[in-house]
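Source file: work02.pdb; contents: PDB, C-alpha atoms, pLDDT in the B column.
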```
MODEL        1
ATOM      1  CA  MET A   1       3.190 -60.151  11.452  1.00 62.00           C
ATOM      2  CA  ALA A   2       0.763 -58.005   9.488  1.00 87.00           C
ATOM      3  CA  ASP A   3       0.309 -58.652   5.793  1.00 94.00           C
ATOM      4  CA  PRO A   4       1.658 -56.185   3.233  1.00 97.00           C
ATOM      5  CA  VAL A   5      -1.020 -53.702   2.136  1.00 97.00           C
ATOM      6  CA  LEU A   6      -1.597 -52.823  -1.518  1.00 98.00           C
ATOM      7  CA  TYR A   7      -3.558 -49.724  -2.457  1.00 98.00           C
ATOM      8  CA  SER A   8      -4.877 -50.417  -5.922  1.00 98.00           C
ATOM      9  CA  PHE A   9      -7.478 -49.520  -8.531  1.00 98.00           C
ATOM     10  CA  ARG A  10      -8.853 -52.426 -10.517  1.00 97.00           C
ATOM     11  CA  ARG A  11      -8.605 -50.892 -14.005  1.00 97.00           C
ATOM     12  CA  CYS A  12      -5.332 -48.992 -13.617  1.00 98.00           C
ATOM     13  CA  PRO A  13      -2.682 -50.659 -15.803  1.00 98.00           C
ATOM     14  CA  TYR A  14       0.087 -49.803 -13.345  1.00 98.00           C
ATOM     15  CA  ALA A  15      -1.865 -51.467 -10.540  1.00 98.00           C
ATOM     16  CA  MET A  16      -2.638 -54.464 -12.769  1.00 98.00           C
ATOM     17  CA  ARG A  17       1.051 -55.120 -13.409  1.00 98.00           C
ATOM     18  CA  ALA A  18       1.764 -54.940  -9.676  1.00 98.00           C
ATOM     19  CA  ARG A  19      -1.053 -57.383  -8.896  1.00 98.00           C
ATOM     20  CA  LEU A  20       0.171 -59.774 -11.600  1.00 98.00           C
ATOM     21  CA  ALA A  21       3.616 -59.985 -10.033  1.00 97.00           C
ATOM     22  CA  LEU A  22       2.218 -60.308  -6.518  1.00 97.00           C
ATOM     23  CA  ALA A  23      -0.048 -63.061  -7.788  1.00 96.00           C
ATOM     24  CA  VAL A  24       2.601 -65.121  -9.528  1.00 96.00           C
ATOM     25  CA  SER A  25       4.930 -64.734  -6.540  1.00 96.00           C
ATOM     26  CA  GLY A  26       2.268 -66.055  -4.190  1.00 95.00           C
ATOM     27  CA  VAL A  27       2.712 -63.143  -1.769  1.00 95.00           C
ATOM     28  CA  ARG A  28      -0.211 -62.812   0.618  1.00 95.00           C
ATOM     29  CA  TYR A  29      -1.393 -59.226   0.990  1.00 96.00           C
ATOM     30  CA  GLU A  30      -4.302 -57.026   1.981  1.00 96.00           C
ATOM     31  CA  LEU A  31      -5.948 -55.449  -1.054  1.00 97.00           C
ATOM     32  CA  ARG A  32      -7.356 -51.965  -0.590  1.00 97.00           C
ATOM     33  CA  GLU A  33      -9.352 -50.865  -3.614  1.00 97.00           C
ATOM     34  CA  VAL A  34      -9.162 -47.080  -3.964  1.00 96.00           C
ATOM     35  CA  ARG A  35     -11.746 -44.692  -5.332  1.00 94.00           C
ATOM     36  CA  LEU A  36      -9.622 -42.250  -7.303  1.00 92.00           C
ATOM     37  CA  SER A  37     -12.144 -39.483  -6.657  1.00 92.00           C
ATOM     38  CA  HIS A  38     -11.798 -39.997  -2.889  1.00 93.00           C
ATOM     39  CA  LYS A  39      -8.311 -41.263  -2.091  1.00 94.00           C
ATOM     40  CA  PRO A  40      -7.933 -42.506   1.480  1.00 95.00           C
ATOM     41  CA  SER A  41      -5.853 -40.406   3.840  1.00 96.00           C
ATOM     42  CA  GLU A  42      -4.065 -43.592   4.915  1.00 96.00           C
ATOM     43  CA  MET A  43      -2.611 -43.938   1.414  1.00 97.00           C
ATOM     44  CA  LEU A  44      -1.768 -40.258   1.073  1.00 97.00           C
ATOM     45  CA  SER A  45       0.006 -40.270   4.433  1.00 97.00           C
ATOM     46  CA  ILE A  46       2.525 -42.861   3.219  1.00 97.00           C
ATOM     47  CA  SER A  47       2.787 -41.704  -0.394  1.00 97.00           C
ATOM     48  CA  SER A  48       2.139 -38.074  -1.256  1.00 95.00           C
ATOM     49  CA  LYS A  49       2.106 -38.927  -4.996  1.00 94.00           C
ATOM     50  CA  GLY A  50      -1.541 -39.850  -4.662  1.00 94.00           C
ATOM     51  CA  THR A  51      -1.378 -42.498  -7.387  1.00 97.00           C
ATOM     52  CA  VAL A  52      -1.771 -46.252  -7.286  1.00 98.00           C
ATOM     53  CA  PRO A  53      -0.312 -48.734  -6.769  1.00 98.00           C
ATOM     54  CA  VAL A  54       1.228 -48.191  -3.353  1.00 98.00           C
ATOM     55  CA  LEU A  55       2.531 -51.127  -1.342  1.00 98.00           C
ATOM     56  CA  GLN A  56       3.346 -50.969   2.355  1.00 98.00           C
ATOM     57  CA  THR A  57       5.366 -54.022   3.291  1.00 97.00           C
ATOM     58  CA  ALA A  58       5.006 -55.948   6.525  1.00 95.00           C
ATOM     59  CA  ASP A  59       7.993 -54.088   8.003  1.00 96.00           C
ATOM     60  CA  GLY A  60       6.513 -50.692   7.111  1.00 96.00           C
ATOM     61  CA  ALA A  61       8.561 -49.887   4.000  1.00 97.00           C
ATOM     62  CA  VAL A  62       6.635 -48.066   1.266  1.00 98.00           C
ATOM     63  CA  ILE A  63       7.005 -48.882  -2.432  1.00 98.00           C
ATOM     64  CA  ASP A  64       5.021 -46.584  -4.719  1.00 97.00           C
ATOM     65  CA  GLU A  65       6.354 -47.437  -8.169  1.00 98.00           C
ATOM     66  CA  SER A  66       4.662 -50.306  -9.986  1.00 98.00           C
ATOM     67  CA  LEU A  67       7.842 -51.814 -11.417  1.00 98.00           C
ATOM     68  CA  SER A  68       9.500 -51.672  -8.011  1.00 98.00           C
ATOM     69  CA  ILE A  69       6.531 -53.531  -6.536  1.00 98.00           C
ATOM     70  CA  MET A  70       6.842 -56.169  -9.259  1.00 98.00           C
ATOM     71  CA  ARG A  71      10.545 -56.669  -8.618  1.00 98.00           C
ATOM     72  CA  TRP A  72      10.061 -56.671  -4.840  1.00 98.00           C
ATOM     73  CA  ALA A  73       7.467 -59.438  -5.119  1.00 98.00           C
ATOM     74  CA  LEU A  74       9.524 -61.503  -7.548  1.00 98.00           C
ATOM     75  CA  ASN A  75      12.690 -61.104  -5.493  1.00 97.00           C
ATOM     76  CA  SER A  76      10.705 -62.567  -2.609  1.00 96.00           C
ATOM     77  CA  ARG A  77       9.603 -65.568  -4.653  1.00 96.00           C
ATOM     78  CA  ASP A  78       9.752 -66.182  -8.397  1.00 97.00           C
ATOM     79  CA  PRO A  79       8.472 -69.703  -9.075  1.00 96.00           C
ATOM     80  CA  ASP A  80       8.014 -69.131 -12.813  1.00 96.00           C
ATOM     81  CA  ASP A  81      11.328 -67.283 -13.289  1.00 97.00           C
ATOM     82  CA  TRP A  82       9.675 -64.047 -14.386  1.00 98.00           C
ATOM     83  CA  LEU A  83      12.752 -61.997 -13.552  1.00 98.00           C
ATOM     84  CA  ALA A  84      14.612 -63.779 -16.350  1.00 97.00           C
ATOM     85  CA  GLY A  85      12.064 -62.191 -18.691  1.00 96.00           C
ATOM     86  CA  ASP A  86      12.751 -58.628 -17.585  1.00 97.00           C
ATOM     87  CA  ASP A  87      13.472 -56.119 -20.366  1.00 97.00           C
ATOM     88  CA  PRO A  88      14.049 -52.638 -18.894  1.00 97.00           C
ATOM     89  CA  VAL A  89      14.583 -50.970 -22.287  1.00 98.00           C
ATOM     90  CA  LEU A  90      11.353 -52.309 -23.790  1.00 98.00           C
ATOM     91  CA  ILE A  91       9.385 -51.522 -20.641  1.00 98.00           C
ATOM     92  CA  ALA A  92      10.772 -47.969 -20.673  1.00 98.00           C
ATOM     93  CA  SER A  93       9.493 -47.569 -24.249  1.00 98.00           C
ATOM     94  CA  ASN A  94       6.079 -48.770 -23.090  1.00 98.00           C
ATOM     95  CA  ASP A  95       6.010 -46.449 -20.102  1.00 98.00           C
ATOM     96  CA  GLY A  96       7.371 -43.504 -22.079  1.00 98.00           C
ATOM     97  CA  ALA A  97       6.393 -42.843 -25.676  1.00 98.00           C
ATOM     98  CA  PHE A  98       3.699 -45.526 -25.927  1.00 98.00           C
ATOM     99  CA  LYS A  99       1.926 -44.427 -22.736  1.00 98.00           C
ATOM    100  CA  HIS A 100       2.136 -40.824 -23.926  1.00 98.00           C
ATOM    101  CA  HIS A 101       0.321 -41.683 -27.169  1.00 98.00           C
ATOM    102  CA  LEU A 102      -2.082 -44.055 -25.406  1.00 98.00           C
ATOM    103  CA  ASP A 103      -3.288 -41.288 -23.085  1.00 98.00           C
ATOM    104  CA  ARG A 104      -3.780 -38.867 -25.972  1.00 98.00           C
ATOM    105  CA  TYR A 105      -5.538 -41.478 -28.071  1.00 98.00           C
ATOM    106  CA  LYS A 106      -7.859 -42.544 -25.260  1.00 98.00           C
ATOM    107  CA  TYR A 107      -8.532 -39.098 -23.772  1.00 98.00           C
ATOM    108  CA  PRO A 108      -8.275 -36.544 -26.632  1.00 98.00           C
ATOM    109  CA  ASP A 109     -10.539 -34.009 -24.905  1.00 98.00           C
ATOM    110  CA  ARG A 110      -8.412 -34.087 -21.774  1.00 97.00           C
ATOM    111  CA  HIS A 111      -5.172 -33.625 -23.712  1.00 98.00           C
ATOM    112  CA  ASN A 112      -6.458 -31.503 -26.626  1.00 98.00           C
ATOM    113  CA  SER A 113      -4.899 -34.080 -28.929  1.00 98.00           C
ATOM    114  CA  GLU A 114      -5.514 -35.559 -32.351  1.00 98.00           C
ATOM    115  CA  PRO A 115      -6.469 -39.146 -31.457  1.00 98.00           C
ATOM    116  CA  VAL A 116      -5.868 -40.683 -34.882  1.00 98.00           C
ATOM    117  CA  GLU A 117      -2.375 -39.240 -34.991  1.00 98.00           C
ATOM    118  CA  ASP A 118      -1.562 -40.603 -31.541  1.00 98.00           C
ATOM    119  CA  ARG A 119      -3.192 -43.933 -32.391  1.00 98.00           C
ATOM    120  CA  ASP A 120      -0.926 -44.291 -35.419  1.00 98.00           C
ATOM    121  CA  LEU A 121       2.166 -43.326 -33.427  1.00 98.00           C
ATOM    122  CA  GLY A 122       1.207 -45.858 -30.750  1.00 98.00           C
ATOM    123  CA  LEU A 123       0.849 -48.457 -33.476  1.00 98.00           C
ATOM    124  CA  LEU A 124       4.598 -48.236 -34.087  1.00 98.00           C
ATOM    125  CA  PHE A 125       5.230 -49.742 -30.658  1.00 98.00           C
ATOM    126  CA  LEU A 126       2.615 -52.440 -31.239  1.00 98.00           C
ATOM    127  CA  GLN A 127       4.402 -53.349 -34.465  1.00 98.00           C
ATOM    128  CA  GLU A 128       7.666 -53.604 -32.544  1.00 98.00           C
ATOM    129  CA  LEU A 129       6.030 -55.928 -30.033  1.00 98.00           C
ATOM    130  CA  ASP A 130       4.526 -58.051 -32.799  1.00 98.00           C
ATOM    131  CA  ALA A 131       8.005 -58.458 -34.272  1.00 97.00           C
ATOM    132  CA  ARG A 132       9.475 -59.323 -30.857  1.00 97.00           C
ATOM    133  CA  ILE A 133       7.006 -62.087 -30.000  1.00 97.00           C
ATOM    134  CA  GLY A 134       8.646 -65.408 -30.724  1.00 92.00           C
ATOM    135  CA  THR A 135       7.553 -68.954 -31.372  1.00 93.00           C
ATOM    136  CA  ALA A 136       6.571 -69.347 -27.725  1.00 93.00           C
ATOM    137  CA  GLY A 137       4.007 -66.597 -28.213  1.00 97.00           C
ATOM    138  CA  GLN A 138       5.677 -64.329 -25.663  1.00 97.00           C
ATOM    139  CA  ILE A 139       8.088 -61.406 -25.714  1.00 96.00           C
ATOM    140  CA  GLY A 140      10.810 -63.720 -24.422  1.00 93.00           C
ATOM    141  CA  ALA A 141      11.270 -67.474 -24.376  1.00 93.00           C
ATOM    142  CA  LYS A 142       8.321 -67.780 -21.965  1.00 95.00           C
ATOM    143  CA  PRO A 143       6.000 -65.469 -20.030  1.00 96.00           C
ATOM    144  CA  GLY A 144       7.991 -63.064 -17.905  1.00 97.00           C
ATOM    145  CA  LEU A 145       8.138 -59.686 -16.241  1.00 98.00           C
ATOM    146  CA  ALA A 146       8.150 -57.734 -19.503  1.00 98.00           C
ATOM    147  CA  ASP A 147       4.952 -59.429 -20.701  1.00 98.00           C
ATOM    148  CA  ALA A 148       3.177 -58.701 -17.422  1.00 98.00           C
ATOM    149  CA  ALA A 149       4.448 -55.121 -17.294  1.00 98.00           C
ATOM    150  CA  ILE A 150       3.269 -54.299 -20.813  1.00 98.00           C
ATOM    151  CA  VAL A 151       0.076 -56.297 -21.362  1.00 98.00           C
ATOM    152  CA  PRO A 152      -2.213 -54.036 -19.265  1.00 98.00           C
ATOM    153  CA  PHE A 153      -1.282 -51.056 -21.435  1.00 98.00           C
ATOM    154  CA  VAL A 154      -1.816 -52.907 -24.720  1.00 98.00           C
ATOM    155  CA  ARG A 155      -5.158 -54.051 -23.324  1.00 98.00           C
ATOM    156  CA  GLN A 156      -6.134 -50.437 -22.688  1.00 98.00           C
ATOM    157  CA  PHE A 157      -4.980 -49.323 -26.136  1.00 98.00           C
ATOM    158  CA  ALA A 158      -6.881 -52.129 -27.872  1.00 98.00           C
ATOM    159  CA  ALA A 159     -10.085 -51.320 -25.994  1.00 98.00           C
ATOM    160  CA  VAL A 160     -10.313 -47.747 -27.306  1.00 98.00           C
ATOM    161  CA  ASP A 161     -11.431 -49.009 -30.725  1.00 98.00           C
ATOM    162  CA  ARG A 162     -11.489 -52.786 -30.715  1.00 98.00           C
ATOM    163  CA  SER A 163     -12.627 -53.122 -34.319  1.00 98.00           C
ATOM    164  CA  TRP A 164      -9.690 -51.025 -35.512  1.00 98.00           C
ATOM    165  CA  PHE A 165      -7.232 -52.977 -33.346  1.00 98.00           C
ATOM    166  CA  ASP A 166      -8.536 -56.335 -34.547  1.00 98.00           C
ATOM    167  CA  ALA A 167      -8.186 -55.216 -38.172  1.00 98.00           C
ATOM    168  CA  GLN A 168      -4.479 -54.437 -37.868  1.00 98.00           C
ATOM    169  CA  PRO A 169      -1.910 -56.931 -39.269  1.00 98.00           C
ATOM    170  CA  LEU A 170      -0.593 -57.819 -35.813  1.00 98.00           C
ATOM    171  CA  PRO A 171      -1.348 -61.541 -35.572  1.00 98.00           C
ATOM    172  CA  LYS A 172       1.256 -62.445 -32.969  1.00 98.00           C
ATOM    173  CA  LEU A 173       0.442 -59.464 -30.762  1.00 98.00           C
ATOM    174  CA  GLN A 174      -3.305 -60.075 -30.976  1.00 98.00           C
ATOM    175  CA  ALA A 175      -2.852 -63.738 -30.015  1.00 98.00           C
ATOM    176  CA  TRP A 176      -0.476 -62.714 -27.197  1.00 98.00           C
ATOM    177  CA  LEU A 177      -2.989 -60.234 -25.800  1.00 98.00           C
ATOM    178  CA  ALA A 178      -5.913 -62.656 -26.078  1.00 98.00           C
ATOM    179  CA  GLY A 179      -3.933 -65.391 -24.351  1.00 98.00           C
ATOM    180  CA  HIS A 180      -2.975 -63.209 -21.409  1.00 98.00           C
ATOM    181  CA  LEU A 181      -6.462 -61.783 -20.964  1.00 98.00           C
ATOM    182  CA  ALA A 182      -8.004 -65.264 -21.040  1.00 97.00           C
ATOM    183  CA  SER A 183      -5.521 -66.692 -18.534  1.00 96.00           C
ATOM    184  CA  ASN A 184      -6.480 -67.845 -15.074  1.00 94.00           C
ATOM    185  CA  LEU A 185      -3.870 -65.474 -13.675  1.00 95.00           C
ATOM    186  CA  PHE A 186      -5.332 -62.374 -15.319  1.00 96.00           C
ATOM    187  CA  GLU A 187      -8.877 -63.356 -14.422  1.00 95.00           C
ATOM    188  CA  ARG A 188      -7.948 -63.655 -10.782  1.00 93.00           C
ATOM    189  CA  ILE A 189      -6.124 -60.335 -10.493  1.00 96.00           C
ATOM    190  CA  MET A 190      -9.216 -58.628 -11.912  1.00 96.00           C
ATOM    191  CA  LEU A 191     -11.486 -59.719  -9.071  1.00 91.00           C
ATOM    192  CA  ARG A 192     -14.020 -57.075  -8.098  1.00 93.00           C
ATOM    193  CA  VAL A 193     -13.939 -55.892  -4.514  1.00 93.00           C
ATOM    194  CA  PRO A 194     -15.675 -52.993  -2.741  1.00 94.00           C
ATOM    195  CA  SER A 195     -13.823 -49.746  -2.250  1.00 95.00           C
ATOM    196  CA  TRP A 196     -11.857 -49.856   0.972  1.00 96.00           C
ATOM    197  CA  CYS A 197     -12.976 -47.969   4.078  1.00 93.00           C
ATOM    198  CA  PRO A 198     -11.258 -48.173   7.476  1.00 92.00           C
ATOM    199  CA  GLY A 199     -12.965 -50.576   9.863  1.00 90.00           C
ATOM    200  CA  GLU A 200     -14.952 -52.366   7.167  1.00 87.00           C
ATOM    201  CA  ARG A 201     -14.379 -55.786   5.697  1.00 87.00           C
ATOM    202  CA  VAL A 202     -10.815 -56.614   4.749  1.00 91.00           C
ATOM    203  CA  VAL A 203      -9.819 -58.330   1.509  1.00 93.00           C
ATOM    204  CA  VAL A 204      -6.805 -60.600   1.890  1.00 94.00           C
ATOM    205  CA  VAL A 205      -5.402 -62.041  -1.321  1.00 94.00           C
ATOM    206  CA  ARG A 206      -3.263 -65.116  -1.012  1.00 81.00           C
ATOM    207  CA  GLY A 207      -1.978 -67.753  -3.378  1.00 58.00           C
ATOM    208  CA  VAL A 208      -3.753 -66.057  -6.273  1.00 51.00           C
ATOM    209  CA  VAL A 209      -1.821 -67.984  -8.885  1.00 37.00           C
ATOM    210  CA  LEU A 210      -2.423 -71.609  -9.920  1.00 33.00           C
ATOM    211  CA  ALA A 211      -4.855 -74.032  -8.292  1.00 30.00           C
ATOM    212  CA  ASP A 212      -4.136 -72.573  -4.856  1.00 32.00           C
ATOM    213  CA  SER A 213      -5.688 -69.311  -5.930  1.00 33.00           C
ATOM    214  CA  HIS A 214      -8.392 -67.576  -3.991  1.00 39.00           C
ATOM    215  CA  ALA A 215      -9.129 -64.413  -2.073  1.00 47.00           C
ATOM    216  CA  ASP A 216     -10.446 -64.254   1.454  1.00 49.00           C
ATOM    217  CA  VAL A 217     -12.687 -61.488   2.711  1.00 44.00           C
ATOM    218  CA  HIS A 218     -12.965 -61.163   6.460  1.00 40.00           C
ATOM    219  CA  ARG A 219     -13.672 -58.684   9.207  1.00 37.00           C
ATOM    220  CA  PRO A 220     -10.768 -56.892  10.869  1.00 36.00           C
ATOM    221  CA  ASP A 221     -11.268 -58.727  14.153  1.00 34.00           C
ATOM    222  CA  GLU A 222     -11.338 -62.223  12.624  1.00 32.00           C
TER     223      GLU A 222
ENDMDL
END
```

Using structure tokens, write down the structure from this file.
Amino acid sequence: MADPVLYSFRRCPYAMRARLALAVSGVRYELREVRLSHKPSEMLSISSKGTVPVLQTADGAVIDESLSIMRWALNSRDPDDWLAGDDPVLIASNDGAFKHHLDRYKYPDRHNSEPVEDRDLGLLFLQELDARIGTAGQIGAKPGLADAAIVPFVRQFAAVDRSWFDAQPLPKLQAWLAGHLASNLFERIMLRVPSWCPGERVVVVRGVVLADSHADVHRPDE
């Protein structure tokens, strides 16, 4: 049976959250890195949205929402009980108002926005997260789906002006972010691969989490 295929873009926070869940679940899949300026027709033919991530499962089903990919992977296998750490309301706040302000803070020319105003409005969500992080250093009792779903977006927000972010009184959030970014799991889902082209070398990711973690690159006929 063919492996599931994930169309992804390394720096996209939605694609990062999907890869994190696929990694922790241990699902083996083919990774197709997409150039957003030249999206492959193979991806567009199965998902007209034209955004990543898009997962085509081994039986041909198409999942083109990042949270749905996360839950699909974790429903297949959830060795670290990430689903117990789901928080749909908090994730909706991240994907709604916080993402709105993040985009306008990061890309003010594109949105004709006032970046400082959007930065300060985004800070309200960061303060909420800082208050939510408990003694375990995570949003819940231990790392879970909500942490993985949100951390790529906080990473992007922090990177806009790192000096400003580091100066904010958000000690628990800053430690939380640093811990996730320094983790073996995050390092491995950020592997660099060439942009995918039909007929060229295939990247198969398997067992990305824990000591079993590695990616194989092979030719289509191997």

**Asked** Expressed in Å to a single decimal, how great is the separation between atom CA of A:Gln138 and atom CA of A:Val27?
**Response** 24.1 Å

**Spatial neighbours of A:Arg104, max dist 12 Å, all atoms listed in the file, sep filter under 6 positions, as a list in words** = Ala97, Phe98, Arg110, His111, Asn112, Ser113, Glu114, Pro115, Val116, Glu117, Asp118, Arg119, Asp120, Leu121, Gly122, Phe157 and Val160 of chain A

**Asked** What residues have an atom no more than 12 Å from (4.1, -52.4, -32.8) in the file's own frame, counting only C-alpha atoms, and can you write them as a PyMOL selection string?
**Response** chain A and resi 90+93-94+98+119-133+154+157+165+168-174

Would you write out those residues with C-alpha atoms, as a CSV table (one decimal), keeping the file's coordinate frame?
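As written to disk, out_5.csv reads:
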```csv
chain,number,residue,atom,x,y,z
A,90,LEU,CA,11.4,-52.3,-23.8
A,93,SER,CA,9.5,-47.6,-24.2
A,94,ASN,CA,6.1,-48.8,-23.1
A,98,PHE,CA,3.7,-45.5,-25.9
A,119,ARG,CA,-3.2,-43.9,-32.4
A,120,ASP,CA,-0.9,-44.3,-35.4
A,121,LEU,CA,2.2,-43.3,-33.4
A,122,GLY,CA,1.2,-45.9,-30.8
A,123,LEU,CA,0.8,-48.5,-33.5
A,124,LEU,CA,4.6,-48.2,-34.1
A,125,PHE,CA,5.2,-49.7,-30.7
A,126,LEU,CA,2.6,-52.4,-31.2
A,127,GLN,CA,4.4,-53.3,-34.5
A,128,GLU,CA,7.7,-53.6,-32.5
A,129,LEU,CA,6.0,-55.9,-30.0
A,130,ASP,CA,4.5,-58.1,-32.8
A,131,ALA,CA,8.0,-58.5,-34.3
A,132,ARG,CA,9.5,-59.3,-30.9
A,133,ILE,CA,7.0,-62.1,-30.0
A,154,VAL,CA,-1.8,-52.9,-24.7
A,157,PHE,CA,-5.0,-49.3,-26.1
A,165,PHE,CA,-7.2,-53.0,-33.3
A,168,GLN,CA,-4.5,-54.4,-37.9
A,169,PRO,CA,-1.9,-56.9,-39.3
A,170,LEU,CA,-0.6,-57.8,-35.8
A,171,PRO,CA,-1.3,-61.5,-35.6
A,172,LYS,CA,1.3,-62.4,-33.0
A,173,LEU,CA,0.4,-59.5,-30.8
A,174,GLN,CA,-3.3,-60.1,-31.0
```

Draw an axis-aligned box tight on the listed atoms of stretch 107-116 of chain A, then pad every side by 8 Å and write out centre and edge lengths in Å to one decimal as JSON.
```
{"center_x": -7.7, "center_y": -36.1, "center_z": -28.3, "size_x": 21.6, "size_y": 25.2, "size_z": 29.1}
```

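Distance-wise, atom CA of A:Leu55 and atom CA of A:Leu177 end up 26.7 Å apart.
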
**the PyMOL selection byres ((chain A and resi 14) around 12) resolved against shown file, as number ranges by chain** = A: 7-13, 15-21, 51-54, 64-70, 91, 94-95, 99, 148-154, 156

**Request:** Quick one: everything within 8 Å of stretch 29-33 of chain A, counting only C-alpha atoms, minus sequence neighbours fewer than 2 positions away in the same chain. Send it as JSON, numbers by chain.
**Result:** {"A": [3, 4, 5, 6, 7, 8, 9, 10, 27, 35, 193, 194, 195, 196, 202, 203, 204, 205, 206]}

**Request:** Would you mind listing what lies within 10 Å of A:Trp82 as a count of residues only, with only C-alpha atoms counted and same-chain residues fewer than 4 positions away left out?
**Result:** 17
